[in-house]
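S.K.: For reference, the file entry13.txt (compact mmCIF, C-alpha atoms) is included below:
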# COMPACT_ATOMS: atom_id res chain seq x y z
CA MET A 1 0.00 0.00 0.00
CA LYS A 2 1.71 3.17 -1.15
CA PHE A 3 0.47 6.66 -0.32
CA GLY A 4 1.19 9.78 -2.37
CA VAL A 5 0.80 13.27 -0.90
CA VAL A 6 0.32 15.93 -3.58
CA VAL A 7 2.26 19.17 -3.11
CA PHE A 8 0.70 22.24 -4.74
CA PRO A 9 2.28 25.69 -4.44
CA GLY A 10 0.69 26.85 -1.18
CA SER A 11 -0.03 23.43 0.33
CA ASN A 12 0.85 23.58 4.03
CA CYS A 13 -0.42 20.32 5.52
CA ASP A 14 1.60 18.12 3.16
CA HIS A 15 4.42 17.62 5.69
CA ASP A 16 2.01 16.83 8.54
CA THR A 17 0.25 14.23 6.40
CA TYR A 18 3.56 12.72 5.24
CA HIS A 19 4.82 12.63 8.85
CA VAL A 20 1.74 10.84 10.15
CA LEU A 21 1.81 8.26 7.37
CA LYS A 22 5.54 7.57 7.62
CA LYS A 23 6.32 7.95 11.33
CA VAL A 24 3.04 7.28 13.12
CA VAL A 25 1.28 4.78 10.87
CA GLY A 26 4.45 3.30 9.36
CA ALA A 27 3.18 3.33 5.78
CA LYS A 28 5.08 3.83 2.53
CA VAL A 29 4.62 7.40 1.40
CA GLU A 30 6.05 9.84 -1.13
CA TYR A 31 5.42 13.46 -2.03
CA ILE A 32 3.97 14.12 -5.50
CA TRP A 33 4.95 17.47 -7.04
CA HIS A 34 2.06 19.27 -8.76
CA LYS A 35 3.77 18.96 -12.14
CA GLU A 36 4.01 15.16 -11.87
CA THR A 37 2.12 13.16 -14.49
CA THR A 38 2.83 9.55 -13.47
CA LEU A 39 0.78 8.23 -10.59
CA ASN A 40 0.47 4.56 -11.43
CA TYR A 41 2.65 3.29 -8.59
CA PHE A 42 0.40 4.74 -5.88
CA ASP A 43 -2.57 3.10 -4.15
CA VAL A 44 -3.89 6.15 -2.32
CA ILE A 45 -3.52 9.80 -3.34
CA ILE A 46 -3.97 12.48 -0.68
CA LEU A 47 -4.68 16.12 -1.53
CA PRO A 48 -3.57 17.94 1.63
CA GLY A 49 -4.76 21.13 3.28
CA GLY A 50 -3.36 24.57 2.65
CA PHE A 51 -3.89 27.49 0.33
CA SER A 52 -3.08 26.05 -3.09
CA TYR A 53 -2.26 28.84 -5.55
CA GLY A 54 -3.02 31.40 -2.84
CA ASP A 55 -6.76 30.55 -3.01
CA TYR A 56 -6.83 32.81 -6.10
CA LEU A 57 -10.12 33.00 -8.03
CA ARG A 58 -11.94 30.48 -5.79
CA VAL A 59 -10.58 28.01 -3.26
CA GLY A 60 -9.23 24.98 -5.15
CA ALA A 61 -10.08 26.44 -8.56
CA VAL A 62 -6.57 26.86 -9.92
CA ALA A 63 -5.12 23.66 -8.43
CA ARG A 64 -7.80 21.78 -10.31
CA PHE A 65 -6.03 22.64 -13.59
CA SER A 66 -2.50 21.68 -12.49
CA PRO A 67 -0.86 18.82 -14.44
CA VAL A 68 -1.07 16.41 -11.51
CA MET A 69 -4.85 16.87 -11.23
CA ARG A 70 -5.44 15.55 -14.74
CA GLU A 71 -3.76 12.36 -13.57
CA VAL A 72 -5.57 12.37 -10.19
CA ILE A 73 -8.89 12.55 -12.07
CA LYS A 74 -7.87 9.57 -14.26
CA PHE A 75 -6.61 7.70 -11.18
CA ALA A 76 -9.88 8.36 -9.32
CA ASN A 77 -12.07 7.46 -12.30
CA SER A 78 -10.28 4.12 -12.59
CA GLY A 79 -11.13 3.34 -8.96
CA GLY A 80 -7.99 4.61 -7.17
CA LEU A 81 -8.50 5.83 -3.60
CA VAL A 82 -8.34 9.61 -3.17
CA LEU A 83 -8.60 11.56 0.08
CA GLY A 84 -8.96 15.34 0.04
CA ILE A 85 -8.45 17.14 3.35
CA CYS A 86 -9.64 20.75 3.78
CA ASN A 87 -8.18 22.56 0.73
CA GLY A 88 -7.90 19.09 -0.85
CA PHE A 89 -11.68 18.71 -0.42
CA GLN A 90 -12.15 22.10 -2.10
CA VAL A 91 -9.97 20.95 -5.03
CA LEU A 92 -11.98 17.73 -5.43
CA LEU A 93 -15.23 19.73 -5.61
CA GLU A 94 -13.80 22.17 -8.17
CA ALA A 95 -12.59 19.19 -10.20
CA GLY A 96 -16.11 17.79 -10.22
CA LEU A 97 -14.99 14.57 -8.52
CA LEU A 98 -17.43 15.30 -5.67
CA PRO A 99 -20.80 17.09 -5.88
CA GLY A 100 -21.59 20.51 -4.41
CA SER A 101 -19.33 23.34 -3.36
CA LEU A 102 -17.64 24.85 -0.30
CA ILE A 103 -18.50 28.50 0.19
CA THR A 104 -17.44 31.12 2.73
CA ASN A 105 -18.30 30.30 6.35
CA ASP A 106 -21.70 31.77 7.20
CA HIS A 107 -20.23 33.96 9.98
CA LEU A 108 -17.38 35.26 7.74
CA ARG A 109 -14.68 34.21 10.20
CA PHE A 110 -11.73 31.88 9.80
CA ARG A 111 -12.35 29.07 12.26
CA CYS A 112 -9.40 27.26 13.84
CA GLN A 113 -10.66 25.01 16.63
CA ASP A 114 -11.35 21.44 17.66
CA VAL A 115 -14.75 20.11 16.59
CA TYR A 116 -16.64 16.89 17.14
CA ILE A 117 -17.71 14.87 14.13
CA LYS A 118 -19.92 11.83 13.98
CA VAL A 119 -19.13 8.81 11.82
CA ALA A 120 -22.32 8.66 9.78
CA ASN A 121 -21.07 5.79 7.60
CA ASN A 122 -18.36 3.36 8.73
CA LYS A 123 -18.78 1.02 5.78
CA THR A 124 -16.23 2.80 3.61
CA CYS A 125 -12.54 2.29 2.81
CA PHE A 126 -11.85 5.50 4.71
CA SER A 127 -13.88 4.93 7.89
CA ARG A 128 -13.98 1.18 8.48
CA SER A 129 -11.76 1.44 11.59
CA TYR A 130 -14.46 3.42 13.37
CA GLU A 131 -17.71 2.33 15.00
CA SER A 132 -20.93 3.52 13.40
CA GLY A 133 -21.99 6.72 15.17
CA GLN A 134 -18.61 7.12 16.88
CA VAL A 135 -17.80 10.71 17.86
CA LEU A 136 -14.32 11.94 16.87
CA LYS A 137 -12.42 15.03 17.96
CA MET A 138 -10.44 16.76 15.21
CA PRO A 139 -9.40 20.32 14.41
CA ILE A 140 -10.77 22.44 11.62
CA ALA A 141 -8.93 25.47 10.19
CA HIS A 142 -10.76 27.16 7.35
CA TYR A 143 -12.61 30.18 6.00
CA SER A 144 -14.49 28.36 3.23
CA GLY A 145 -15.85 25.18 4.72
CA ASN A 146 -19.54 25.85 4.35
CA TYR A 147 -20.82 22.89 2.33
CA PHE A 148 -23.49 23.79 -0.20
CA ALA A 149 -25.45 21.60 -2.61
CA ASP A 150 -28.96 21.77 -4.08
CA LYS A 151 -31.83 19.85 -2.45
CA GLU A 152 -31.69 16.94 -4.93
CA THR A 153 -27.96 16.46 -4.35
CA LEU A 154 -28.39 16.52 -0.55
CA LYS A 155 -31.23 14.00 -0.77
CA MET A 156 -29.11 11.77 -3.01
CA LEU A 157 -26.09 12.02 -0.65
CA GLU A 158 -28.28 11.03 2.30
CA GLY A 159 -30.11 8.28 0.44
CA THR A 160 -26.93 6.64 -0.82
CA GLU A 161 -25.00 6.88 2.47
CA ARG A 162 -22.41 9.18 0.99
CA ILE A 163 -22.25 11.47 4.02
CA VAL A 164 -19.37 10.05 6.08
CA PHE A 165 -18.85 12.74 8.73
CA GLN A 166 -21.19 15.32 10.28
CA TYR A 167 -20.44 18.05 12.83
CA CYS A 168 -22.04 17.10 16.14
CA SER A 169 -21.99 17.62 19.90
CA LEU A 170 -19.76 15.63 22.26
CA ASP A 171 -22.59 13.16 22.74
CA GLY A 172 -23.16 12.75 19.00
CA ASN A 173 -26.15 15.00 18.33
CA VAL A 174 -26.05 16.50 14.85
CA ILE A 175 -27.52 19.91 15.69
CA PRO A 176 -27.21 23.43 14.23
CA GLU A 177 -25.49 24.71 17.41
CA GLU A 178 -22.51 22.46 16.67
CA ASN A 179 -22.21 23.53 13.04
CA PRO A 180 -18.98 25.57 12.83
CA ASN A 181 -19.42 27.02 9.34
CA GLY A 182 -23.03 26.80 8.11
CA SER A 183 -22.64 23.53 6.18
CA MET A 184 -25.89 22.02 4.97
CA LEU A 185 -26.86 18.93 7.00
CA ASN A 186 -23.77 19.65 9.16
CA ILE A 187 -21.71 17.94 6.45
CA ALA A 188 -18.01 17.57 7.29
CA GLY A 189 -17.14 14.83 4.78
CA ILE A 190 -18.68 13.15 1.73
CA LEU A 191 -17.97 10.41 -0.80
CA ASN A 192 -18.33 10.17 -4.57
CA GLU A 193 -20.78 7.72 -6.13
CA LYS A 194 -18.25 4.85 -6.39
CA LYS A 195 -17.13 5.58 -2.81
CA ASN A 196 -13.43 5.65 -3.65
CA ILE A 197 -13.06 9.41 -3.08
CA LEU A 198 -13.53 11.13 0.28
CA GLY A 199 -13.44 14.89 0.86
CA MET A 200 -13.47 16.24 4.41
CA MET A 201 -12.90 19.61 6.09
CA PRO A 202 -11.51 18.47 9.50
CA HIS A 203 -7.81 17.55 9.68
CA PRO A 204 -7.21 13.89 10.65
CA GLU A 205 -3.44 14.38 10.21
CA ARG A 206 -3.49 16.97 13.02
CA ALA A 207 -5.27 14.53 15.32
CA ALA A 208 -3.07 11.47 15.00
CA GLU A 209 -0.79 11.69 18.04
CA LYS A 210 -1.64 11.88 21.71
CA ILE A 211 0.71 14.82 22.27
CA LEU A 212 -1.44 16.86 19.88
CA GLY A 213 -4.58 16.26 21.93
CA SER A 214 -6.34 13.60 19.89
CA GLU A 215 -5.60 10.38 18.06
CA ASP A 216 -9.06 10.17 16.55
CA GLY A 217 -7.81 10.95 13.04
CA LEU A 218 -5.63 7.86 12.90
CA GLY A 219 -8.66 5.70 12.07
CA ILE A 220 -8.82 7.16 8.58
CA PHE A 221 -5.23 6.19 7.73
CA ASN A 222 -5.65 2.81 9.42
CA SER A 223 -8.87 2.20 7.48
CA LEU A 224 -7.00 2.84 4.23
CA LEU A 225 -4.17 0.50 5.25
CA ARG A 226 -6.68 -2.28 5.89
CA GLU A 227 -7.52 -2.11 2.21
CA SER A 228 -4.23 -3.71 1.25
CA MET B 1 -8.98 44.09 -30.54
CA TRP B 2 -11.96 42.50 -28.82
CA LEU B 3 -12.24 42.79 -25.08
CA ALA B 4 -14.62 40.76 -22.91
CA LYS B 5 -15.87 42.30 -19.67
CA VAL B 6 -17.06 39.47 -17.43
CA ILE B 7 -19.02 39.60 -14.18
CA VAL B 8 -19.29 36.44 -12.06
CA SER B 9 -21.77 36.51 -9.19
CA TYR B 10 -23.65 34.11 -6.94
CA LYS B 11 -26.81 32.40 -8.14
CA THR B 12 -30.05 33.36 -6.42
CA GLY B 13 -30.43 31.55 -3.14
CA ILE B 14 -26.70 31.05 -2.51
CA LEU B 15 -25.64 32.54 0.79
CA ASP B 16 -23.46 35.60 0.18
CA PRO B 17 -22.27 36.48 3.71
CA GLU B 18 -19.89 39.15 2.43
CA ALA B 19 -22.76 40.99 0.72
CA LYS B 20 -24.86 40.67 3.85
CA THR B 21 -22.08 42.20 5.96
CA ILE B 22 -21.60 45.07 3.50
CA HIS B 23 -25.36 45.63 3.46
CA ASN B 24 -25.44 45.77 7.27
CA ALA B 25 -22.57 48.29 7.23
CA LEU B 26 -24.44 50.48 4.74
CA ILE B 27 -27.60 50.36 6.87
CA SER B 28 -25.59 51.33 9.95
CA LEU B 29 -24.21 54.31 8.02
CA GLY B 30 -27.77 55.48 7.52
CA TYR B 31 -28.49 54.22 4.01
CA GLN B 32 -31.88 52.76 4.97
CA ASP B 33 -33.13 52.77 1.37
CA ILE B 34 -30.53 50.29 0.15
CA ASN B 35 -32.39 47.00 0.26
CA LYS B 36 -30.07 44.69 -1.63
CA VAL B 37 -26.34 44.14 -2.05
CA GLU B 38 -24.69 41.43 -4.14
CA THR B 39 -20.98 40.76 -4.55
CA GLY B 40 -19.15 39.33 -7.52
CA LYS B 41 -15.90 39.30 -9.44
CA TYR B 42 -14.98 41.32 -12.50
CA PHE B 43 -12.60 40.13 -15.22
CA GLN B 44 -11.35 41.71 -18.44
CA ILE B 45 -10.14 39.36 -21.14
CA GLY B 46 -8.35 40.67 -24.20
CA PHE B 47 -8.02 38.69 -27.45
CA SER B 48 -5.43 38.52 -30.23
CA ASP B 49 -6.09 40.66 -33.31
CA SER B 50 -6.86 37.57 -35.39
CA ILE B 51 -9.91 36.76 -33.22
CA ASP B 52 -13.24 38.07 -34.54
CA ARG B 53 -16.34 38.89 -32.45
CA ASP B 54 -17.97 35.45 -32.75
CA LYS B 55 -14.78 33.65 -31.82
CA ALA B 56 -14.18 36.02 -28.88
CA LYS B 57 -17.73 35.30 -27.66
CA GLU B 58 -17.18 31.56 -27.91
CA LEU B 59 -13.81 31.69 -26.12
CA THR B 60 -15.23 33.90 -23.35
CA LYS B 61 -18.08 31.44 -22.79
CA GLN B 62 -15.58 28.59 -22.53
CA ALA B 63 -13.40 30.52 -20.06
CA CYS B 64 -16.45 31.39 -17.92
CA ALA B 65 -17.76 27.84 -17.86
CA LYS B 66 -14.41 26.14 -17.34
CA ILE B 67 -12.65 28.32 -14.80
CA LEU B 68 -13.96 31.83 -14.13
CA SER B 69 -17.20 30.58 -12.57
CA ASN B 70 -18.24 27.53 -10.58
CA PRO B 71 -21.61 26.56 -12.09
CA VAL B 72 -22.72 24.95 -8.83
CA ILE B 73 -22.93 28.32 -7.08
CA GLN B 74 -22.24 31.07 -9.61
CA LYS B 75 -23.59 32.65 -12.78
CA TYR B 76 -21.84 34.89 -15.29
CA THR B 77 -22.61 37.65 -17.75
CA PHE B 78 -20.29 39.40 -20.18
CA GLN B 79 -20.12 42.16 -22.75
CA LEU B 80 -17.80 42.38 -25.73
CA GLU B 81 -16.22 45.65 -26.74
CA GLU B 82 -13.96 46.50 -29.62
CA VAL B 83 -11.08 48.62 -28.44
CA SER B 84 -8.08 50.18 -30.15
CA LYS B 85 -4.75 49.06 -28.77
How does this structure look as structure tokens?
M.R.:
Amino acid sequence: MKFGVVVFPGSNCDHDTYHVLKKVVGAKVEYIWHKETTLNYFDVIILPGGFSYGDYLRVGAVARFSPVMREVIKFANSGGLVLGICNGFQVLLEAGLLPGSLITNDHLRFRCQDVYIKVANNKTCFSRSYESGQVLKMPIAHYSGNYFADKETLKMLEGTERIVFQYCSLDGNVIPEENPNGSMLNIAGILNEKKNILGMMPHPERAAEKILGSEDGLGIFNSLLRES
Amino acid sequence: MWLAKVIVSYKTGILDPEAKTIHNALISLGYQDINKVETGKYFQIGFSDSIDRDKAKELTKQACAKILSNPVIQKYTFQLEEVSK
């Protein structure tokens, strides 16, 4: 099982993700420069958090046209596993690999804080290490994490179990008071139709060591390793 | 030379918190009669001399649909103008 972490100009969670995979999880991992066009020796591609291309135009909009993304789209369409974290999630939406969009937080503030998220679906390659309904503590750090989609898309996401994580209270209640950014249905993470692509706003790589306050993010990387 | 002047803005019903904040600021400054504010982005795209009006229109549409706007949340309008260099 080999992981690749894409490095766009402006990515800033690439090193954290690489560190967790290599040192904490003990997986094989390599960086992938944004100009790279050969991805066929990877099993999982991770688009990390950050501010790719300075968030110019719209978040994720310019990264979507980088050479590596053409290959990521091919890789994903042929069933390869892709995880987009924070800005990576925004890139996946701009690329059309996931439905909907992430717009400015409803309160217009950058939010950097721990949140609780509920595992709404644990029958996925990304969440199989968790219990169904388990509550995880992970940090968010974003200004545009407000998930938007039309009613039909939301209904389809719910009906096909493509919502993987939802913002919730410590005891697992998915309620508006625990929504940190205005996301519809408190959505924190969703899958594509084939369920081989996950986009999520919280940072599992920043919650993978006890010294950082939470190890709840490790389950995502461990779930992916169990695929091999 | 043909020049496209493009405005990209949010579709109706999409939350525009920035516009709402600007609107609130205007109200607090005493502009009670302003009842709507929308925000958007403005682009100017210039074309090579060999490009005629129809081609410029087609290329502008492609640019708007492919990168300048996100069709999930945004709409676009544009005008073409012939300008001397």
S.K.: Taking all atoms listed in the file into account and nothing else, which residues of chain B lie no more than 9 Å away from chain A? Please answer as a PyMOL selection string.
M.R.: chain B and resi 14-18+21+41+67-70+72-73
S.K.: What does the distance from CA of Lys2 (chain A) to CA of Leu225 (chain A) come to in Å, to one decimal?
M.R.: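 According to the coordinates, CA of Lys2 (chain A) and CA of Leu225 (chain A) are separated by 9.1 Å.
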S.K.: If you take every atom of region 132-137 of chain A that the file lists and fit an axis-aligned box around them with 3 Å extra on each side, what centre and edge lengths come out in Å to one decimal, as JSON?
M.R.:
{"center_x": -17.2, "center_y": 9.3, "center_z": 15.7, "size_x": 15.6, "size_y": 17.5, "size_z": 10.6}
S.K.: With only C-alpha atoms as the counted atoms, please give the residues lying no more than 10 Å from Gly40 (chain B), apart from itself and same-chain residues fewer than 5 positions off, as a PyMOL selection string.
M.R.: chain B and resi 7-10+16+18-19+74-76
S.K.: Quick one: residues within 12 Å of Asp55 (chain A), only C-alpha atoms counted, chain neighbours fewer than 5 positions away excluded, as a ChimeraX atom specification?
M.R.: /A:8-11,49-50,60-64,87-88,90-91,142-144
S.K.: Can you work out the spacing between CA of Ile45 (chain B) and CA of Met69 (chain A) in Å, to one decimal?
M.R.: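 Interatomic distance here is 25.1 Å.
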S.K.: What is the distance, in Å and to one decimal place, between CA of Lys155 (chain A) and CA of Lys11 (chain B)?
M.R.: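 That distance, rounded to one decimal, is 20.3 Å.
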